[in-house]
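See below for my_file37.cif, which holds mmCIF, C-alpha atoms.
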```
data_model
loop_
_atom_site.label_atom_id
_atom_site.label_comp_id
_atom_site.auth_asym_id
_atom_site.auth_seq_id
_atom_site.Cartn_x
_atom_site.Cartn_y
_atom_site.Cartn_z
CA MET J 146 72.07 96.18 132.77
CA LEU J 147 74.48 98.47 130.93
CA TYR J 148 75.54 97.09 127.56
CA LEU J 149 78.68 98.40 125.87
CA VAL J 150 78.27 97.35 122.25
CA GLY J 151 80.92 97.49 119.54
CA LEU J 152 79.58 98.47 116.11
CA GLY J 153 82.53 97.40 113.97
CA LEU J 154 84.08 99.61 111.32
CA GLY J 155 81.83 99.82 108.29
CA ASP J 156 78.09 100.41 108.36
CA ALA J 157 74.94 99.50 110.28
CA LYS J 158 75.17 95.80 109.39
CA ASP J 159 78.58 95.34 111.00
CA ILE J 160 77.05 95.02 114.46
CA THR J 161 77.14 91.43 115.77
CA VAL J 162 73.95 89.40 116.17
CA LYS J 163 74.50 89.42 119.92
CA GLY J 164 74.94 93.19 119.87
CA LEU J 165 71.82 93.76 117.78
CA GLU J 166 69.73 91.61 120.12
CA ALA J 167 70.97 93.65 123.08
CA VAL J 168 70.22 96.98 121.38
CA ARG J 169 66.68 95.95 120.48
CA ARG J 170 65.77 95.09 124.06
CA CYS J 171 67.20 98.28 125.59
CA ARG J 172 65.00 101.15 126.74
CA ARG J 173 67.65 103.78 125.95
CA VAL J 174 70.43 103.54 123.37
CA TYR J 175 73.33 106.01 123.25
CA LEU J 176 75.67 106.41 120.28
CA GLU J 177 79.18 107.57 121.19
CA ALA J 178 79.89 110.33 118.70
CA TYR J 179 83.42 111.64 119.11
CA THR J 180 86.21 109.02 119.10
CA SER J 181 85.35 107.59 115.67
CA VAL J 182 82.74 107.61 112.89
CA LEU J 183 80.98 105.09 110.68
CA THR J 184 80.45 105.57 106.96
CA VAL J 185 76.70 105.92 107.54
CA GLY J 186 74.74 108.40 109.63
CA LYS J 187 72.66 108.06 112.77
CA GLU J 188 69.46 107.70 110.73
CA ALA J 189 70.74 104.60 108.92
CA LEU J 190 71.61 102.98 112.23
CA GLU J 191 68.19 103.80 113.68
CA GLU J 192 66.43 102.29 110.68
CA PHE J 193 68.40 99.04 110.85
CA TYR J 194 68.33 98.67 114.64
CA GLY J 195 64.70 99.70 114.97
CA LYS J 196 65.65 102.04 117.82
CA GLU J 197 65.99 105.77 118.36
CA LEU J 198 69.59 106.69 119.21
CA ILE J 199 70.75 109.43 121.57
CA LEU J 200 74.02 111.06 120.47
CA ALA J 201 76.57 111.06 123.28
CA ASP J 202 79.28 113.62 122.66
CA ARG J 203 82.54 114.02 124.59
CA GLU J 204 80.97 116.48 127.04
CA MET J 205 78.16 114.07 127.94
CA VAL J 206 80.39 111.01 128.30
CA GLU J 207 83.15 112.69 130.28
CA GLN J 208 81.18 115.22 132.35
CA GLU J 209 77.63 113.89 132.54
CA ALA J 210 78.25 110.13 132.63
CA ASP J 211 75.78 109.64 135.46
CA SER J 212 72.95 110.72 133.15
CA LEU J 213 73.84 107.82 130.82
CA LEU J 214 73.50 105.41 133.72
CA LYS J 215 70.20 106.80 134.99
CA GLU J 216 67.75 103.91 135.69
CA ALA J 217 70.24 101.38 134.26
CA ASP J 218 69.74 99.46 137.52
CA VAL J 219 66.08 98.83 136.65
CA CYS J 220 66.14 98.74 132.82
CA ASP J 221 68.54 97.94 130.00
CA VAL J 222 70.69 100.76 128.59
CA ALA J 223 73.10 100.44 125.65
CA PHE J 224 76.18 102.48 124.85
CA LEU J 225 77.25 102.00 121.23
CA VAL J 226 80.88 102.49 120.20
CA VAL J 227 82.33 102.44 116.69
CA GLY J 228 84.88 99.64 116.54
CA ASP J 229 85.31 97.92 119.90
CA PRO J 230 84.00 99.35 123.21
CA PHE J 231 87.41 99.54 124.84
CA GLY J 232 89.17 101.55 122.15
CA ALA J 233 89.06 104.61 124.43
CA THR J 234 89.76 104.94 128.16
CA THR J 235 86.64 107.03 128.74
CA HIS J 236 84.59 103.90 128.20
CA SER J 237 86.49 102.16 130.98
CA ASP J 238 85.50 105.10 133.16
CA LEU J 239 81.84 104.42 132.32
CA VAL J 240 82.20 100.82 133.46
CA LEU J 241 83.82 101.90 136.73
CA ARG J 242 80.97 104.32 137.37
CA ALA J 243 78.43 101.56 136.75
CA VAL J 244 80.20 99.21 139.16
CA LYS J 245 80.22 101.88 141.88
CA LEU J 246 76.47 102.30 141.43
CA GLY J 247 75.91 98.55 141.59
CA ILE J 248 74.82 98.37 137.95
CA PRO J 249 75.78 95.15 136.15
CA TYR J 250 77.38 95.53 132.73
CA LYS J 251 78.12 93.41 129.69
CA VAL J 252 80.62 94.11 126.90
CA ILE J 253 79.86 92.92 123.36
CA HIS J 254 83.05 93.14 121.32
CA ASN J 255 83.53 93.80 117.62
CA ALA J 256 86.27 94.47 115.08
CA SER J 257 88.40 97.58 115.52
CA ILE J 258 91.17 99.25 113.55
CA MET J 259 93.61 97.56 115.96
CA ASN J 260 92.97 94.17 114.35
CA ALA J 261 91.43 95.10 110.99
CA VAL J 262 94.66 96.88 110.05
CA GLY J 263 95.95 93.43 109.06
CA CYS J 264 94.09 93.88 105.76
CA CYS J 265 97.24 95.44 104.29
CA GLY J 266 99.27 92.30 104.90
CA LEU J 267 101.51 93.50 107.75
CA GLN J 268 99.76 91.64 110.53
CA ALA J 269 102.27 88.89 111.30
CA HIS J 270 105.26 86.85 110.31
CA MET J 271 106.17 83.23 110.94
CA CYS J 272 109.12 82.13 113.05
CA TYR J 273 110.20 78.50 112.96
CA CYS J 274 111.57 77.33 116.29
CA ILE J 275 112.81 73.70 116.57
CA CYS J 276 109.64 71.58 116.09
CA SER J 277 107.02 74.27 116.60
CA VAL J 278 105.75 77.24 114.65
CA LEU J 279 105.26 80.52 116.50
CA GLN J 280 103.18 83.33 115.13
CA LEU J 281 104.78 86.59 116.23
CA TYR J 282 102.79 89.75 115.69
CA ASN J 283 105.02 92.45 114.30
CA PHE J 284 103.38 95.68 115.49
CA GLY J 285 104.88 97.77 118.25
CA GLU J 286 103.21 100.44 120.38
CA THR J 287 100.32 102.22 118.66
CA VAL J 288 100.65 106.01 118.55
CA SER J 289 98.30 108.93 117.99
CA ILE J 290 99.29 111.77 115.67
CA VAL J 291 97.61 115.02 116.70
CA PHE J 292 96.85 118.13 114.69
CA TRP J 293 99.57 120.75 115.05
CA THR J 294 98.76 124.39 115.65
CA ASP J 295 100.88 127.49 115.07
CA THR J 296 102.04 127.41 118.69
CA TRP J 297 101.88 123.67 119.56
CA LYS J 298 103.86 121.12 117.56
CA PRO J 299 104.56 118.07 119.74
CA GLU J 300 106.97 115.43 118.46
CA SER J 301 106.68 112.72 121.13
CA PHE J 302 104.81 110.38 118.78
CA PHE J 303 107.81 110.43 116.43
CA ASP J 304 110.10 109.11 119.18
CA LYS J 305 107.75 106.15 119.75
CA ILE J 306 107.66 105.37 116.02
CA GLU J 307 111.46 105.46 115.91
CA LYS J 308 111.71 103.14 118.91
CA ASN J 309 109.36 100.65 117.24
CA ARG J 310 111.34 100.79 114.01
CA GLN J 311 114.66 100.29 115.84
CA ASN J 312 113.12 97.11 117.25
CA GLY J 313 112.02 96.01 113.76
CA MET J 314 108.34 96.65 114.55
CA HIS J 315 105.65 98.35 112.49
CA THR J 316 103.73 101.30 113.98
CA LEU J 317 100.00 101.88 113.61
CA CYS J 318 99.35 105.63 113.75
CA LEU J 319 95.83 106.67 114.69
CA LEU J 320 95.10 110.09 113.23
CA ASP J 321 93.51 112.96 115.10
CA ILE J 322 89.76 113.65 115.15
CA LYS J 323 88.36 117.02 116.21
CA VAL J 324 84.62 116.87 116.86
CA LYS J 325 82.66 119.51 118.79
CA GLU J 326 85.83 121.47 119.58
CA GLN J 327 85.71 125.10 120.72
CA SER J 328 88.07 127.86 119.64
CA LEU J 329 90.19 129.33 122.43
CA GLU J 330 88.20 132.57 122.24
CA ASN J 331 84.82 130.86 122.54
CA LEU J 332 86.13 128.63 125.31
CA MET J 333 87.41 131.58 127.34
CA LYS J 334 84.16 133.49 126.86
CA GLY J 335 82.05 130.46 127.76
CA ARG J 336 80.23 130.47 124.41
CA LYS J 337 78.81 127.12 123.28
CA ILE J 338 79.99 127.66 119.71
CA TYR J 339 81.80 124.76 118.12
CA GLU J 340 84.26 124.45 115.24
CA PRO J 341 83.39 122.28 112.20
CA PRO J 342 84.54 118.63 112.56
CA ARG J 343 88.06 117.89 111.32
CA TYR J 344 89.60 114.53 110.54
CA MET J 345 93.33 114.19 109.91
CA SER J 346 94.24 112.67 106.55
CA VAL J 347 97.19 110.45 105.70
CA ASN J 348 98.64 113.42 103.76
CA GLN J 349 98.58 115.68 106.81
CA ALA J 350 100.11 113.04 109.07
CA ALA J 351 102.90 112.37 106.56
CA GLU J 352 103.59 116.10 106.20
CA GLN J 353 104.03 116.44 109.95
CA LEU J 354 106.38 113.45 110.07
CA LEU J 355 108.43 114.91 107.20
CA ALA J 356 108.65 118.23 109.04
CA ILE J 357 109.94 116.46 112.16
CA ILE J 358 112.56 114.61 110.09
CA GLN J 359 113.83 117.91 108.70
CA ASN J 360 113.84 119.46 112.16
CA ARG J 361 115.80 116.56 113.63
CA ARG J 362 118.40 116.78 110.85
CA PHE J 363 118.71 120.52 111.46
CA GLN J 364 119.54 119.63 115.07
CA GLY J 365 122.30 117.29 113.88
CA GLU J 366 120.42 114.02 114.33
CA ASN J 367 120.16 111.14 111.88
CA PRO J 368 116.51 110.00 112.12
CA GLU J 369 115.69 106.30 111.86
CA ILE J 370 112.71 107.26 109.69
CA THR J 371 113.34 109.05 106.38
CA GLU J 372 111.43 110.27 103.33
CA ASN J 373 112.02 106.83 101.78
CA THR J 374 110.66 104.74 104.67
CA ILE J 375 107.89 102.48 103.39
CA CYS J 376 104.48 103.39 104.82
CA VAL J 377 100.87 102.33 104.31
CA GLY J 378 97.88 104.65 104.19
CA LEU J 379 94.44 103.24 104.99
CA ALA J 380 91.03 104.86 104.66
CA ARG J 381 87.58 103.70 105.75
CA VAL J 382 88.80 100.23 106.71
CA GLY J 383 85.90 97.78 106.71
CA ALA J 384 83.70 99.87 104.40
CA LEU J 385 82.79 99.07 100.81
CA ASP J 386 84.98 101.92 99.57
CA GLU J 387 87.99 100.99 101.70
CA LYS J 388 91.27 102.25 100.26
CA ILE J 389 94.86 101.17 100.90
CA ALA J 390 97.98 102.73 99.43
CA SER J 391 101.61 101.77 100.09
CA GLY J 392 104.72 103.72 99.25
CA THR J 393 107.35 105.98 100.73
CA LEU J 394 106.59 108.49 103.45
CA GLN J 395 107.17 111.22 100.84
CA GLN J 396 104.52 109.64 98.58
CA MET J 397 102.09 109.40 101.48
CA SER J 398 102.19 113.19 101.72
CA THR J 399 100.57 113.45 98.28
CA VAL J 400 98.39 110.33 98.01
CA GLU J 401 94.62 110.98 97.99
CA LEU J 402 92.51 108.48 99.93
CA GLY J 403 89.25 110.41 100.13
CA ALA J 404 86.85 110.72 103.04
CA PRO J 405 87.72 109.82 106.69
CA LEU J 406 88.68 107.93 108.72
CA HIS J 407 92.36 107.52 107.85
CA SER J 408 95.21 105.60 109.50
CA LEU J 409 98.92 105.42 108.72
CA ILE J 410 101.39 102.59 109.22
CA VAL J 411 105.13 103.21 109.38
CA THR J 412 106.81 99.88 108.62
CA GLY J 413 109.66 98.24 110.49
CA THR J 414 111.58 95.22 109.27
CA MET J 415 109.51 93.32 106.70
CA HIS J 416 109.23 89.66 105.79
CA PRO J 417 109.23 88.82 102.04
CA LEU J 418 105.51 87.92 102.26
CA GLU J 419 104.74 91.30 103.77
CA LEU J 420 106.59 93.02 100.94
CA GLU J 421 104.63 90.98 98.39
CA MET J 422 101.34 91.98 100.00
CA LEU J 423 102.25 95.66 100.05
CA LYS J 424 103.02 95.51 96.33
CA LEU J 425 99.29 94.92 95.77
CA PHE J 426 98.65 98.45 97.04
CA SER J 427 101.80 100.19 95.83
CA VAL J 428 101.90 103.71 94.48
CA ASP J 429 105.17 102.73 92.73
CA SER J 430 106.33 99.08 92.78
CA SER J 431 109.98 100.10 92.42
CA ASN J 432 109.88 101.21 96.04
CA PHE J 433 109.60 97.59 97.07
CA GLU J 434 112.39 96.41 94.82
CA ASN J 435 114.65 98.86 96.63
CA ASN J 436 113.47 97.47 99.98
CA ALA J 437 113.61 93.80 99.02
CA CYS J 438 116.59 93.26 101.30
CA GLN J 439 114.44 93.83 104.40
CA ARG J 440 113.88 90.58 106.31
CA THR J 441 112.80 89.37 109.70
CA THR J 442 115.05 87.01 111.58
#
```
Would you write the structure of this file as structure tokens?
Amino acid sequence: MLYLVGLGLGDAKDITVKGLEAVRRCRRVYLEAYTSVLTVGKEALEEFYGKELILADREMVEQEADSLLKEADVCDVAFLVVGDPFGATTHSDLVLRAVKLGIPYKVIHNASIMNAVGCCGLQAHMCYCICSVLQLYNFGETVSIVFWTDTWKPESFFDKIEKNRQNGMHTLCLLDIKVKEQSLENLMKGRKIYEPPRYMSVNQAAEQLLAIIQNRRFQGENPEITENTICVGLARVGALDEKIASGTLQQMSTVELGAPLHSLIVTGTMHPLELEMLKLFSVDSSNFENNACQRTT
């Protein structure tokens, strides 16, 4: 059996009981080590699980997936993923490979940033319709904000955020992670030399959004998102030192939230209860007085 086990968002103890039981009966246990990180290291996980973990980097998962599945038809193998197992499409690929080889699999889900982001108070609003109450979730399409380089500055994520905002929806922005990346020179020369890990901060994401806004104005456009758009910065969601800060996009470019992982929310139309919740985390409460007219319908 192949087990795909979600680890949650915080530390070793966030694994579910079902997940822990599966891990402890597996002969081999792999830890996916490139789409996200926990606040504790591999050693802390090994101590709590009582199992040695094999780090599975991007190269192993995407190019040597068959090695992960070796003997999984005759013994139990676990693949551990921070958050939920299906937060990345490569893990779907692993399932498809297992099915082709006739290996049964089981998914053990856990919390991910996709649902835990509700901790800031933007998760839903209530809509009263005749005699029933409907809970309508107010997030649009999730986007990824990638690190820019001197020669590559894509803006497609901005268009998706604008579309969400035009529809009154909030946007969860997942920020770029660079782990075990090679420089262009080392890649071209075939040298297995890797750059230090990099994790995009809320500041960096906000700075790129502000640069796009200025660029769009220079081109004669009137962007839906401005320096004064209310945003929420989140860091280490689910950990003991979780941090949340709300304020304008301009303020997000200077707020300090500490160690990774970070996420950014660009708000859409807000219900009064959402505004009240965001005040709990505000950099400057006057921002919300100015936005008090925002309502859902």
**OP:** Just the residues within 9 Å of Gln353 in chain J, please, counting all atoms listed in the file, with nothing from its chain fewer than 6 positions along; format it as a VMD selection string.
**Re:** chain J and resid 290 292 to 293 298
**OP:** Name the residues captured by the PyMOL selection byres ((chain J and resi 422-426) around 8) when it is applied to the shown file; answer as a PyMOL selection string.
**Re:** chain J and resi 265-267+389-391+418-421+427-428+430+433
Original post:
What does the distance from CA of Val226 in chain J to CA of Gly153 in chain J come to in Å, to one decimal?
Top reply: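 Between these atoms lies a distance of 8.2 Å.
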**OP:** Name the residues in contact with Asp238 in chain J at a cut-off of 10 Å, using only C-alpha atoms, excluding same-chain residues fewer than 5 positions from it; report them as a list in words.
**Re:**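 Close residues of Asp238 in chain J: Val206, Glu207, Ala210, Ala233, Ala243 and Val244 of chain J.
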Subject >> Residue nearest Met259 in chain J - candidates J:Leu319, J:Ile357, J:Asn312, J:Leu176, atoms counted: only C-alpha atoms >> reply: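 Under the stated criterion, the closest residue is J:Leu319.
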Original post:
What separation in Å, quoted to one decimal, exists between CA of Val262 in chain J and CA of Ala380 in chain J?
Top reply: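 It comes out at 10.3 Å.
The spacing separating CA of Leu165 in chain J from CA of Val252 in chain J amounts to 12.7 Å.
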Expand the PyMOL selection byres ((chain J and resi 223) around 6) into the explicit residue set it covers here, and present it as a tab-separated table (two decimals) with C-alpha atoms, keeping the file's coordinate frame.
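To be explicit, this is the file written out as expr-v6.tsv:
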```tsv
chain	number	residue	atom	x	y	z
J	147	LEU	CA	74.48	98.47	130.93
J	148	TYR	CA	75.54	97.09	127.56
J	149	LEU	CA	78.68	98.40	125.87
J	174	VAL	CA	70.43	103.54	123.37
J	222	VAL	CA	70.69	100.76	128.59
J	224	PHE	CA	76.18	102.48	124.85
```
Original post:
At most 10 Å from (66.9, 94.9, 127.3), file frame, all atoms listed in the file: which residues, as a list of chain:residue names?
Top reply: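 It turns out the residues near that spot are J:Met146, J:Leu147, J:Tyr148, J:Glu166, J:Ala167, J:Val168, J:Arg169, J:Arg170, J:Cys171, J:Arg172, J:Arg173, J:Cys220, J:Asp221, J:Val222, J:Ala223.
For the structure shown here, the set of residues caught by the PyMOL selection byres ((chain J and resi 248) around 9) is Met146, Leu147, Leu214, Ala217, Asp218, Val219, Val240, Arg242, Ala243, Val244, Lys245, Leu246, Gly247, Pro249 and Tyr250 of chain J.
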Taking all atoms of range 286-290 of chain J that the file lists, what box with edges along x, y and z, padded by 8 Å per side, do you get, with centre and edge lengths in Å to one decimal, as AutoDock Vina command-line options?
```
--center_x 100.8 --center_y 106.1 --center_z 118.0 --size_x 20.9 --size_y 27.3 --size_z 20.7
```
**OP:** Pick out the residues sitting within 9 Å of Phe303 in chain J, and hand them over as an MDAnalysis selection string; count only C-alpha atoms, and ignore anything fewer than 4 positions along from it in its own chain.
**Re:** chainID J and resid 288 290 299 307:308 354 357:358 370
Kindly add N, CA and C atoms to the incomplete range 166-196 of chain J and provide the output as an mmCIF file, in the coordinates of the input.
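Resulting contents of result_28.cif:
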```cif
data_model
loop_
_atom_site.group_PDB
_atom_site.id
_atom_site.type_symbol
_atom_site.label_atom_id
_atom_site.label_comp_id
_atom_site.auth_asym_id
_atom_site.auth_seq_id
_atom_site.Cartn_x
_atom_site.Cartn_y
_atom_site.Cartn_z
ATOM 1 N N GLU J 166 70.756 92.099 119.193
ATOM 2 C CA GLU J 166 69.730 91.610 120.120
ATOM 3 C C GLU J 166 69.710 92.454 121.390
ATOM 4 N N ALA J 167 70.901 92.829 121.874
ATOM 5 C CA ALA J 167 70.970 93.650 123.080
ATOM 6 C C ALA J 167 70.371 95.034 122.827
ATOM 7 N N VAL J 168 70.721 95.641 121.706
ATOM 8 C CA VAL J 168 70.220 96.980 121.380
ATOM 9 C C VAL J 168 68.698 96.979 121.311
ATOM 10 N N ARG J 169 68.128 95.982 120.694
ATOM 11 C CA ARG J 169 66.680 95.950 120.480
ATOM 12 C C ARG J 169 65.881 95.738 121.763
ATOM 13 N N ARG J 170 66.527 95.253 122.804
ATOM 14 C CA ARG J 170 65.770 95.090 124.060
ATOM 15 C C ARG J 170 66.054 96.200 125.062
ATOM 16 N N CYS J 171 66.862 97.191 124.674
ATOM 17 C CA CYS J 171 67.200 98.280 125.590
ATOM 18 C C CYS J 171 66.159 99.398 125.534
ATOM 19 N N ARG J 172 65.932 100.027 126.674
ATOM 20 C CA ARG J 172 65.000 101.150 126.740
ATOM 21 C C ARG J 172 65.637 102.422 126.184
ATOM 22 N N ARG J 173 66.924 102.629 126.484
ATOM 23 C CA ARG J 173 67.650 103.780 125.950
ATOM 24 C C ARG J 173 68.931 103.296 125.275
ATOM 25 N N VAL J 174 69.237 103.926 124.127
ATOM 26 C CA VAL J 174 70.430 103.540 123.370
ATOM 27 C C VAL J 174 71.222 104.799 123.026
ATOM 28 N N TYR J 175 72.449 104.871 123.514
ATOM 29 C CA TYR J 175 73.330 106.010 123.250
ATOM 30 C C TYR J 175 74.344 105.639 122.174
ATOM 31 N N LEU J 176 74.657 106.589 121.315
ATOM 32 C CA LEU J 176 75.670 106.410 120.280
ATOM 33 C C LEU J 176 76.837 107.339 120.582
ATOM 34 N N GLU J 177 77.983 106.765 120.941
ATOM 35 C CA GLU J 177 79.180 107.570 121.190
ATOM 36 C C GLU J 177 79.596 108.251 119.896
ATOM 37 N N ALA J 178 79.787 109.559 119.940
ATOM 38 C CA ALA J 178 79.890 110.330 118.700
ATOM 39 C C ALA J 178 81.115 111.226 118.636
ATOM 40 N N TYR J 179 82.257 110.750 119.195
ATOM 41 C CA TYR J 179 83.420 111.640 119.110
ATOM 42 C C TYR J 179 84.764 110.943 118.950
ATOM 43 N N THR J 180 84.903 109.659 119.266
ATOM 44 C CA THR J 180 86.210 109.020 119.100
ATOM 45 C C THR J 180 86.377 108.386 117.729
ATOM 46 N N SER J 181 85.266 108.174 117.006
ATOM 47 C CA SER J 181 85.350 107.590 115.670
ATOM 48 C C SER J 181 84.024 107.827 114.957
ATOM 49 N N VAL J 182 83.976 107.463 113.663
ATOM 50 C CA VAL J 182 82.740 107.610 112.890
ATOM 51 C C VAL J 182 82.557 106.405 111.988
ATOM 52 N N LEU J 183 81.299 106.098 111.691
ATOM 53 C CA LEU J 183 80.980 105.090 110.680
ATOM 54 C C LEU J 183 80.781 105.795 109.345
ATOM 55 N N THR J 184 80.660 104.994 108.290
ATOM 56 C CA THR J 184 80.450 105.570 106.960
ATOM 57 C C THR J 184 78.990 105.907 106.714
ATOM 58 N N VAL J 185 78.120 105.588 107.668
ATOM 59 C CA VAL J 185 76.700 105.920 107.540
ATOM 60 C C VAL J 185 76.294 106.793 108.722
ATOM 61 N N GLY J 186 75.200 107.502 108.585
ATOM 62 C CA GLY J 186 74.740 108.400 109.630
ATOM 63 C C GLY J 186 73.865 107.734 110.671
ATOM 64 N N LYS J 187 73.501 108.522 111.662
ATOM 65 C CA LYS J 187 72.660 108.060 112.770
ATOM 66 C C LYS J 187 71.336 107.506 112.263
ATOM 67 N N GLU J 188 70.771 108.127 111.240
ATOM 68 C CA GLU J 188 69.460 107.700 110.730
ATOM 69 C C GLU J 188 69.510 106.282 110.174
ATOM 70 N N ALA J 189 70.603 105.946 109.480
ATOM 71 C CA ALA J 189 70.740 104.600 108.920
ATOM 72 C C ALA J 189 70.836 103.549 110.020
ATOM 73 N N LEU J 190 71.513 103.904 111.100
ATOM 74 C CA LEU J 190 71.610 102.980 112.230
ATOM 75 C C LEU J 190 70.236 102.791 112.875
ATOM 76 N N GLU J 191 69.514 103.887 113.058
ATOM 77 C CA GLU J 191 68.190 103.800 113.680
ATOM 78 C C GLU J 191 67.246 102.931 112.853
ATOM 79 N N GLU J 192 67.313 103.072 111.550
ATOM 80 C CA GLU J 192 66.430 102.290 110.680
ATOM 81 C C GLU J 192 66.741 100.795 110.791
ATOM 82 N N PHE J 193 68.028 100.450 110.803
ATOM 83 C CA PHE J 193 68.400 99.040 110.850
ATOM 84 C C PHE J 193 68.175 98.429 112.228
ATOM 85 N N TYR J 194 68.485 99.201 113.290
ATOM 86 C CA TYR J 194 68.330 98.670 114.640
ATOM 87 C C TYR J 194 66.887 98.699 115.120
ATOM 88 N N GLY J 195 66.075 99.562 114.510
ATOM 89 C CA GLY J 195 64.700 99.700 114.970
ATOM 90 C C GLY J 195 64.615 100.430 116.299
ATOM 91 N N LYS J 196 65.594 101.320 116.555
ATOM 92 C CA LYS J 196 65.650 102.040 117.820
ATOM 93 C C LYS J 196 66.068 103.487 117.588
#
```
